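Peer 1: Pasting in a structure now, in structure tokens, and then I'll have a few things to ask.
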Amino acid sequence: MLMRRNPQLNAHGELIHLLSIEGLPRAVLTQILDTAGTFLSVNDRDVKKVPLLRGKSVFNLFFENSTRTRTTFEIAAKRLSADVINLDIARSSTAKGESLLDTIANLSAMHADMFIVRHAESGAPYLIAQHVAPHVHVINAGDGRHAHPTQGLLDMYTIRHYKRDFTQLTVAIVGDIVHSRVARSDIHALTTLGVPEIRAVGPKTLVPGDLAGMGVRVCHDMAEGIRGADVIIMLRLQNERMSGAMLPSAGEFFKSYGLTPEKLALAKPDAIVMHPGPHQPRRRDRLGGGRRRAQRDPAAGHLRHRGAHGGDEHDRRQPGLKAQRMKILIHGGRIVCPATGRDEVADIAVASGRIVAIGKGVDFTPDRVLNATGLVVAPGLVDLAARLREPGQEHEGMLESELAAAAAGGVTSLVCPPDTDPVLDEPGLVEMLKFRARKLSRCRVFPLGALTRRLEGAALTEMAQLTEAGCVGFSQADAAITDTLVLQRALQYAATFGYTVWLRPNDGWLGQGVAAQGAVATRLGLSGVPVVAETVALATLFELVRVTGARVHLCRLSSAAGVAMLRTAKAVGLPVTADVSINSLHLTDVDIGYFNPDMRLVPPLRQGADRDALRAALADGSIDALVSDHDPVADDAKQLPFGEAEPGATGLELLLSLSLRWAQDSGLPLATALARITHDPVRVLGDALGSLASSAGRVVEGGVADLCLFDPAAEWAVAPERLASQGKHTPFAFASTGMALPGRVRATLVAGTVAYEAA
């Protein structure tokens, strides 16, 4: 787990922003509550003002409607003598396409001193706080389902007023907790202030399943939840933050979780009730029982030989390339070839794009000598998942820049998904992509064709024509096929002609969140993707593979449960293979930190147990290959709140180092690390490589000269600005992780041509 400084506090532990109650020391919370008490007398003055914020400009920046909350902040700021500016977002330039950070920059130029931010996306105030001047402060007035710290503090003030001592209380929070930002703030505050028992009361669909990690007892029975409670916080249904499928019947909800006099009698005689919440509307003023009903702001309950262009085909389509190739001698390197078991120090002679001799003191007259003393000479890396962003998304990555990144990372062959713009569902688009890649001569590109037209999951593509154009398989990228009949027919068709279908197991309905379901997503108020989104999709796929006989490659497994199902499928002989991304192999959901958009990935980062299972499965060969999951994203698509940020990260230049890091952490030999990114991916591609199939991923005499020379002893820190990829966003950036990576590529040869050489 990576340690990060709380962005709300400066180096001296002083509060500079109020973004969440989570992580604030008890002393800070107590100071805020004490200070608030000193301002009560202002309401009794004839002139209800104090000069505390005189000369300061406070901007109410409400991207989500809330008249009551905005008015409350406006009144408070004016009573502190601040100048208040209410921004009408519906009429502002954001409605015309201006980004959130553009808006902040423009307002900052107007000498803003404080932003009060309300936004529908969790983490938006954190993003703003990262991009304001040091003297500017940000207060979170509610973000997504994450936090509403000011309302949480008001709740704590109310509880302290009536109950004095937090350390003796039992507090029940009742209602729609999963969608409530106030509930999360209350839980963090109550925990920090020493409340010994906090209960979350509600139906399973409206109570997060991961509250135990926050010290909360979950109760699905109303009577059990409020029995003996000192404080009952009632939450309304957060309809505005629910999907349609999650809307419960209001009548049934009130029947089970409404507060009646009979239920209230189960609480302590002096219990206080804080609302709004699921009361029966006609009983709100007739609860009875002598309990105090603490008054609070009622708005606060918001508590992603088949045309392979290597070897002989390269020569055929580009006759001038042969004449450009030099005879190269790679001298004194340690040759490590997992496919053949070779591990020795020897020379390699390269001519006409192939390895003509391996040994010590080979009889060969080169045009150039590459001194590989102290370096490892390995087969060129084969990456089964790398988006190149062409055609259609050149603002996020040009073919030139991404193939340069591949060469810099030692990658000599890569497979690209079909989710370009337009989608790779026409032979002409595939042929153009391969033609452009051949001209650059940096890396071999093997496209996947779209399994269905426009990836819409309805009509199948012309797989035979796409195969002739150069596709090595067929994929839906990250678009799920929700119609199982279409999926079955696609697999039947692919099996008939021996094509491989590449699918990421993710149920289209269950897998719609932005983070892995778990304690972190619950705490941050992010919509979660449960593990069953993967396992349900796997169960369906394995059954269809059994009945159709189709070959399926599972892209980017992410869970321990998925690994277990994969092992079972392989044990019974199903023709399936799988890969895992460098992100899931090294990171967990904890690394999201304070809504770091560089950690917004597909599949989402899961828990430590899942990461450990993925590592073990890659080590024993249950998972066949490690992939970079290269997906370059432009700056403006990442500088957004976490849930709105575009998922993806650059990875081609990190694949080798993160493979070596995994082997070091797991105590595995170098050959195992290299096998998962060279020979094993070639086995997944199989006959689709055509003439390359016999020598790709190998260092053998007569084989194609795709080679990677790297220094295993070198360590380097990832500096985004020095990456060759046009996408500079990576979760492994040194500034955010402090992670030094082993192994540095010194040279890459593709078909005997030096595609990359370190300066």
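As shown in the structure tokens, the chain order sets the letters A, B, ...; within each chain, residues go from 1, and ligands are also counted from 1 in the order they appear.
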Please list as a list of chain:residue names every residue within 6 Å of range 600-604 of chain A, counting only C-alpha atoms and excluding residues in the same chain fewer than 4 positions away.
Peer 2: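 Skipping anything fewer than 4 positions along the chain leaves A:Arg304, A:Ala515, A:Ala516, A:Pro647, A:Gly648.
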Peer 1: Mind writing the picked residues with all heavy atoms as a short mmCIF file (atom, residue, chain, number, x, y, z; two decimals), in the first residue's frame?
Peer 2:
```cif
data_model
loop_
_atom_site.label_atom_id
_atom_site.label_comp_id
_atom_site.auth_asym_id
_atom_site.auth_seq_id
_atom_site.Cartn_x
_atom_site.Cartn_y
_atom_site.Cartn_z
N ARG A 304 -14.13 0.91 -19.21
CA ARG A 304 -13.18 0.17 -20.60
C ARG A 304 -12.22 -0.71 -21.73
O ARG A 304 -11.78 -1.43 -21.14
CB ARG A 304 -12.74 1.64 -21.90
CG ARG A 304 -12.42 1.51 -22.84
CD ARG A 304 -11.77 2.67 -23.86
NE ARG A 304 -11.19 2.68 -24.48
CZ ARG A 304 -10.32 2.33 -25.77
NH1 ARG A 304 -9.99 1.63 -26.09
NH2 ARG A 304 -9.93 2.54 -26.09
N ALA A 515 -15.01 1.50 -10.24
CA ALA A 515 -13.97 0.96 -9.36
C ALA A 515 -14.41 -0.43 -8.92
O ALA A 515 -15.58 -0.80 -9.05
CB ALA A 515 -13.76 1.85 -8.14
N ALA A 516 -13.47 -1.21 -8.41
CA ALA A 516 -13.81 -2.55 -7.94
C ALA A 516 -14.67 -2.45 -6.70
O ALA A 516 -14.37 -1.68 -5.78
CB ALA A 516 -12.55 -3.35 -7.64
N PRO A 647 -10.81 5.89 -18.76
CA PRO A 647 -9.94 4.82 -18.25
C PRO A 647 -8.81 4.53 -19.22
O PRO A 647 -8.95 4.71 -20.44
CB PRO A 647 -10.88 3.62 -18.12
CG PRO A 647 -11.99 3.89 -19.08
CD PRO A 647 -12.14 5.39 -19.13
N GLY A 648 -7.67 4.09 -18.68
CA GLY A 648 -6.54 3.72 -19.52
C GLY A 648 -5.24 4.29 -19.01
O GLY A 648 -5.21 5.23 -18.22
#
```
Peer 1: Tell me which protein, DNA and RNA residues are within 9 Å of Ala634 in chain A, counting only C-alpha atoms, leaving out same-chain ones fewer than 4 positions away, and put them as a ChimeraX atom specification.
Peer 2: /A:395-397,638-639,646,726-729
Peer 1: Please produce an output containing N, CA and C atoms for each residue in the selection, written as a PDB file, in the first residue's frame.
Peer 2:
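In the end it all went to again.pdb:
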```pdb
ATOM      1  N   HIS A 395      -5.458  12.234 -31.373  1.00  0.00           N
ATOM      2  CA  HIS A 395      -5.136  13.212 -30.320  1.00  0.00           C
ATOM      3  C   HIS A 395      -4.628  12.513 -29.073  1.00  0.00           C
ATOM      4  N   GLU A 396      -4.895  11.219 -28.931  1.00  0.00           N
ATOM      5  CA  GLU A 396      -4.435  10.484 -27.758  1.00  0.00           C
ATOM      6  C   GLU A 396      -3.222   9.607 -28.063  1.00  0.00           C
ATOM      7  N   GLY A 397      -2.956   9.379 -29.325  1.00  0.00           N
ATOM      8  CA  GLY A 397      -1.793   8.583 -29.681  1.00  0.00           C
ATOM      9  C   GLY A 397      -1.671   8.426 -31.181  1.00  0.00           C
ATOM     10  N   LYS A 638      -8.010  12.911 -18.716  1.00  0.00           N
ATOM     11  CA  LYS A 638      -7.661  12.425 -17.385  1.00  0.00           C
ATOM     12  C   LYS A 638      -7.863  13.483 -16.302  1.00  0.00           C
ATOM     13  N   GLN A 639      -7.832  14.732 -16.672  1.00  0.00           N
ATOM     14  CA  GLN A 639      -7.958  15.795 -15.672  1.00  0.00           C
ATOM     15  C   GLN A 639      -9.430  16.085 -15.407  1.00  0.00           C
ATOM     16  N   GLU A 646     -11.312   9.327 -18.395  1.00  0.00           N
ATOM     17  CA  GLU A 646     -11.257   8.213 -19.339  1.00  0.00           C
ATOM     18  C   GLU A 646     -10.338   7.124 -18.785  1.00  0.00           C
ATOM     19  N   GLN A 726       2.615   8.981 -26.760  1.00  0.00           N
ATOM     20  CA  GLN A 726       1.922  10.259 -26.674  1.00  0.00           C
ATOM     21  C   GLN A 726       1.094  10.338 -25.398  1.00  0.00           C
ATOM     22  N   GLY A 727       0.716   9.199 -24.864  1.00  0.00           N
ATOM     23  CA  GLY A 727       0.010   9.163 -23.594  1.00  0.00           C
ATOM     24  C   GLY A 727       1.010   9.189 -22.447  1.00  0.00           C
ATOM     25  N   LYS A 728       0.910  10.152 -21.585  1.00  0.00           N
ATOM     26  CA  LYS A 728       1.879  10.313 -20.489  1.00  0.00           C
ATOM     27  C   LYS A 728       1.329   9.846 -19.145  1.00  0.00           C
ATOM     28  N   HIS A 729       0.114   9.339 -19.128  1.00  0.00           N
ATOM     29  CA  HIS A 729      -0.501   8.957 -17.863  1.00  0.00           C
ATOM     30  C   HIS A 729      -0.260   7.480 -17.572  1.00  0.00           C
TER      31      HIS A 729
END
```
Peer 1: Report, in Å with one decimal, the straight-line distance from CA of Leu399 in chain A to CA of Gly651 in chain A.
Peer 2: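 Here the two named atoms are 14.9 Å from each other.
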Peer 1: Enumerate as number ranges by chain all residues of range 433-625 of chain A assigned to helix (DSSP H, G or I) by DSSP on the backbone, naming them with the chain letters and numbers the document uses.
Peer 2: A: 433-440, 453-455, 463-469, 484-497, 519-524, 532-548, 560-571, 582-586, 589-592, 597-599, 608-620
Peer 1: Write out as a list in words each polymer residue whose atoms come within 7 Å of Asp113 in chain A, counting only C-alpha atoms; drop sequence neighbours fewer than 6 positions from it.
Peer 2: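 The neighbour list is Lys56, Ser57, Val58, His135, Val136 and His137 of chain A.
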Peer 1: Determine the nearest neighbour of Glu456 in chain A from the options A:Gly508, A:Pro261, A:Gly621, A:Gly697, counting only C-alpha atoms.
Peer 2: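 Residue with the minimum atom-to-atom distance to Glu456 in chain A: A:Gly508.
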Peer 1: Write out as a PyMOL selection string each polymer residue whose atoms come within 7 Å of range 210-217 of chain A, counting only C-alpha atoms; drop sequence neighbours fewer than 6 positions from it.
Peer 2: chain A and resi 198-200+518-519+522
Peer 1: Output N, CA and C atoms for every residue in the selection just made, as a PDB file, in the first residue's frame.
Peer 2:
```pdb
ATOM      1  N   ILE A 198     -21.462   1.781  15.745  1.00  0.00           N
ATOM      2  CA  ILE A 198     -22.180   2.430  14.648  1.00  0.00           C
ATOM      3  C   ILE A 198     -22.884   1.326  13.870  1.00  0.00           C
ATOM      4  N   ARG A 199     -24.153   1.503  13.620  1.00  0.00           N
ATOM      5  CA  ARG A 199     -24.932   0.507  12.893  1.00  0.00           C
ATOM      6  C   ARG A 199     -25.450   1.092  11.586  1.00  0.00           C
ATOM      7  N   ALA A 200     -25.383   0.297  10.535  1.00  0.00           N
ATOM      8  CA  ALA A 200     -25.970   0.656   9.250  1.00  0.00           C
ATOM      9  C   ALA A 200     -27.192  -0.222   9.045  1.00  0.00           C
ATOM     10  N   GLY A 518     -15.870  -2.982  -3.201  1.00  0.00           N
ATOM     11  CA  GLY A 518     -15.099  -3.322  -2.012  1.00  0.00           C
ATOM     12  C   GLY A 518     -15.056  -2.144  -1.062  1.00  0.00           C
ATOM     13  N   ALA A 519     -14.258  -2.265  -0.037  1.00  0.00           N
ATOM     14  CA  ALA A 519     -14.206  -1.247   1.008  1.00  0.00           C
ATOM     15  C   ALA A 519     -13.765   0.105   0.467  1.00  0.00           C
ATOM     16  N   THR A 522     -16.560   1.707  -1.548  1.00  0.00           N
ATOM     17  CA  THR A 522     -17.587   2.121  -0.595  1.00  0.00           C
ATOM     18  C   THR A 522     -17.186   3.409   0.100  1.00  0.00           C
TER      19      THR A 522
END
```
Peer 1: Rank A:Glu394, A:Glu344, A:Asp270, A:Asp34 by their smallest atom-to-atom distance to Ala671 in chain A, using only C-alpha atoms, and report the top residue only.
Peer 2: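 With only C-alpha atoms as the atom set, the closest residue is A:Glu344.
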Peer 1: Mind checking DSSP for range 603-707 of chain A and telling me the strand (DSSP E or B) residues as number ranges by chain?
Peer 2: A: 625-627, 630, 649, 704, 707
Peer 1: Kindly export the residues of the current selection with all heavy atoms, as an mmCIF file, in the first residue's frame.
Peer 2:
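So the final result, stored in result25.cif, reads:
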```
data_model
loop_
_atom_site.group_PDB
_atom_site.id
_atom_site.type_symbol
_atom_site.label_atom_id
_atom_site.label_comp_id
_atom_site.auth_asym_id
_atom_site.auth_seq_id
_atom_site.Cartn_x
_atom_site.Cartn_y
_atom_site.Cartn_z
ATOM 1 N N ALA A 625 -0.156 -15.231 -20.266
ATOM 2 C CA ALA A 625 0.651 -14.100 -20.724
ATOM 3 C C ALA A 625 0.413 -12.874 -19.865
ATOM 4 O O ALA A 625 -0.655 -12.695 -19.270
ATOM 5 C CB ALA A 625 0.325 -13.775 -22.186
ATOM 6 N N LEU A 626 1.423 -12.031 -19.818
ATOM 7 C CA LEU A 626 1.347 -10.725 -19.178
ATOM 8 C C LEU A 626 1.286 -9.672 -20.282
ATOM 9 O O LEU A 626 2.070 -9.732 -21.234
ATOM 10 C CB LEU A 626 2.568 -10.497 -18.301
ATOM 11 C CG LEU A 626 2.676 -9.156 -17.571
ATOM 12 C CD1 LEU A 626 1.521 -8.971 -16.591
ATOM 13 C CD2 LEU A 626 4.018 -9.048 -16.841
ATOM 14 N N VAL A 627 0.358 -8.722 -20.165
ATOM 15 C CA VAL A 627 0.189 -7.711 -21.211
ATOM 16 C C VAL A 627 0.353 -6.318 -20.621
ATOM 17 O O VAL A 627 0.135 -6.093 -19.430
ATOM 18 C CB VAL A 627 -1.196 -7.835 -21.894
ATOM 19 C CG1 VAL A 627 -1.358 -9.215 -22.509
ATOM 20 C CG2 VAL A 627 -2.325 -7.549 -20.915
ATOM 21 N N HIS A 630 -1.706 -1.357 -22.863
ATOM 22 C CA HIS A 630 -1.358 0.011 -23.270
ATOM 23 C C HIS A 630 -2.590 0.706 -23.830
ATOM 24 O O HIS A 630 -3.215 0.221 -24.769
ATOM 25 C CB HIS A 630 -0.257 -0.052 -24.334
ATOM 26 C CG HIS A 630 0.184 1.288 -24.837
ATOM 27 N ND1 HIS A 630 0.942 2.154 -24.090
ATOM 28 C CD2 HIS A 630 -0.021 1.910 -26.036
ATOM 29 C CE1 HIS A 630 1.202 3.248 -24.790
ATOM 30 N NE2 HIS A 630 0.618 3.126 -25.968
ATOM 31 N N ALA A 649 -4.140 3.693 -19.458
ATOM 32 C CA ALA A 649 -2.804 4.134 -19.059
ATOM 33 C C ALA A 649 -1.796 3.647 -20.081
ATOM 34 O O ALA A 649 -1.998 2.619 -20.733
ATOM 35 C CB ALA A 649 -2.446 3.594 -17.678
ATOM 36 N N VAL A 704 13.640 -15.518 -37.163
ATOM 37 C CA VAL A 704 13.545 -14.087 -37.404
ATOM 38 C C VAL A 704 14.318 -13.348 -36.311
ATOM 39 O O VAL A 704 14.313 -13.740 -35.147
ATOM 40 C CB VAL A 704 12.068 -13.649 -37.445
ATOM 41 C CG1 VAL A 704 11.385 -13.877 -36.107
ATOM 42 C CG2 VAL A 704 11.942 -12.194 -37.844
ATOM 43 N N LEU A 707 14.673 -9.065 -31.542
ATOM 44 C CA LEU A 707 15.461 -9.220 -30.322
ATOM 45 C C LEU A 707 15.339 -7.994 -29.432
ATOM 46 O O LEU A 707 15.154 -6.864 -29.908
ATOM 47 C CB LEU A 707 16.933 -9.448 -30.665
ATOM 48 C CG LEU A 707 17.246 -10.681 -31.522
ATOM 49 C CD1 LEU A 707 18.683 -10.634 -32.020
ATOM 50 C CD2 LEU A 707 16.981 -11.959 -30.730
#
```
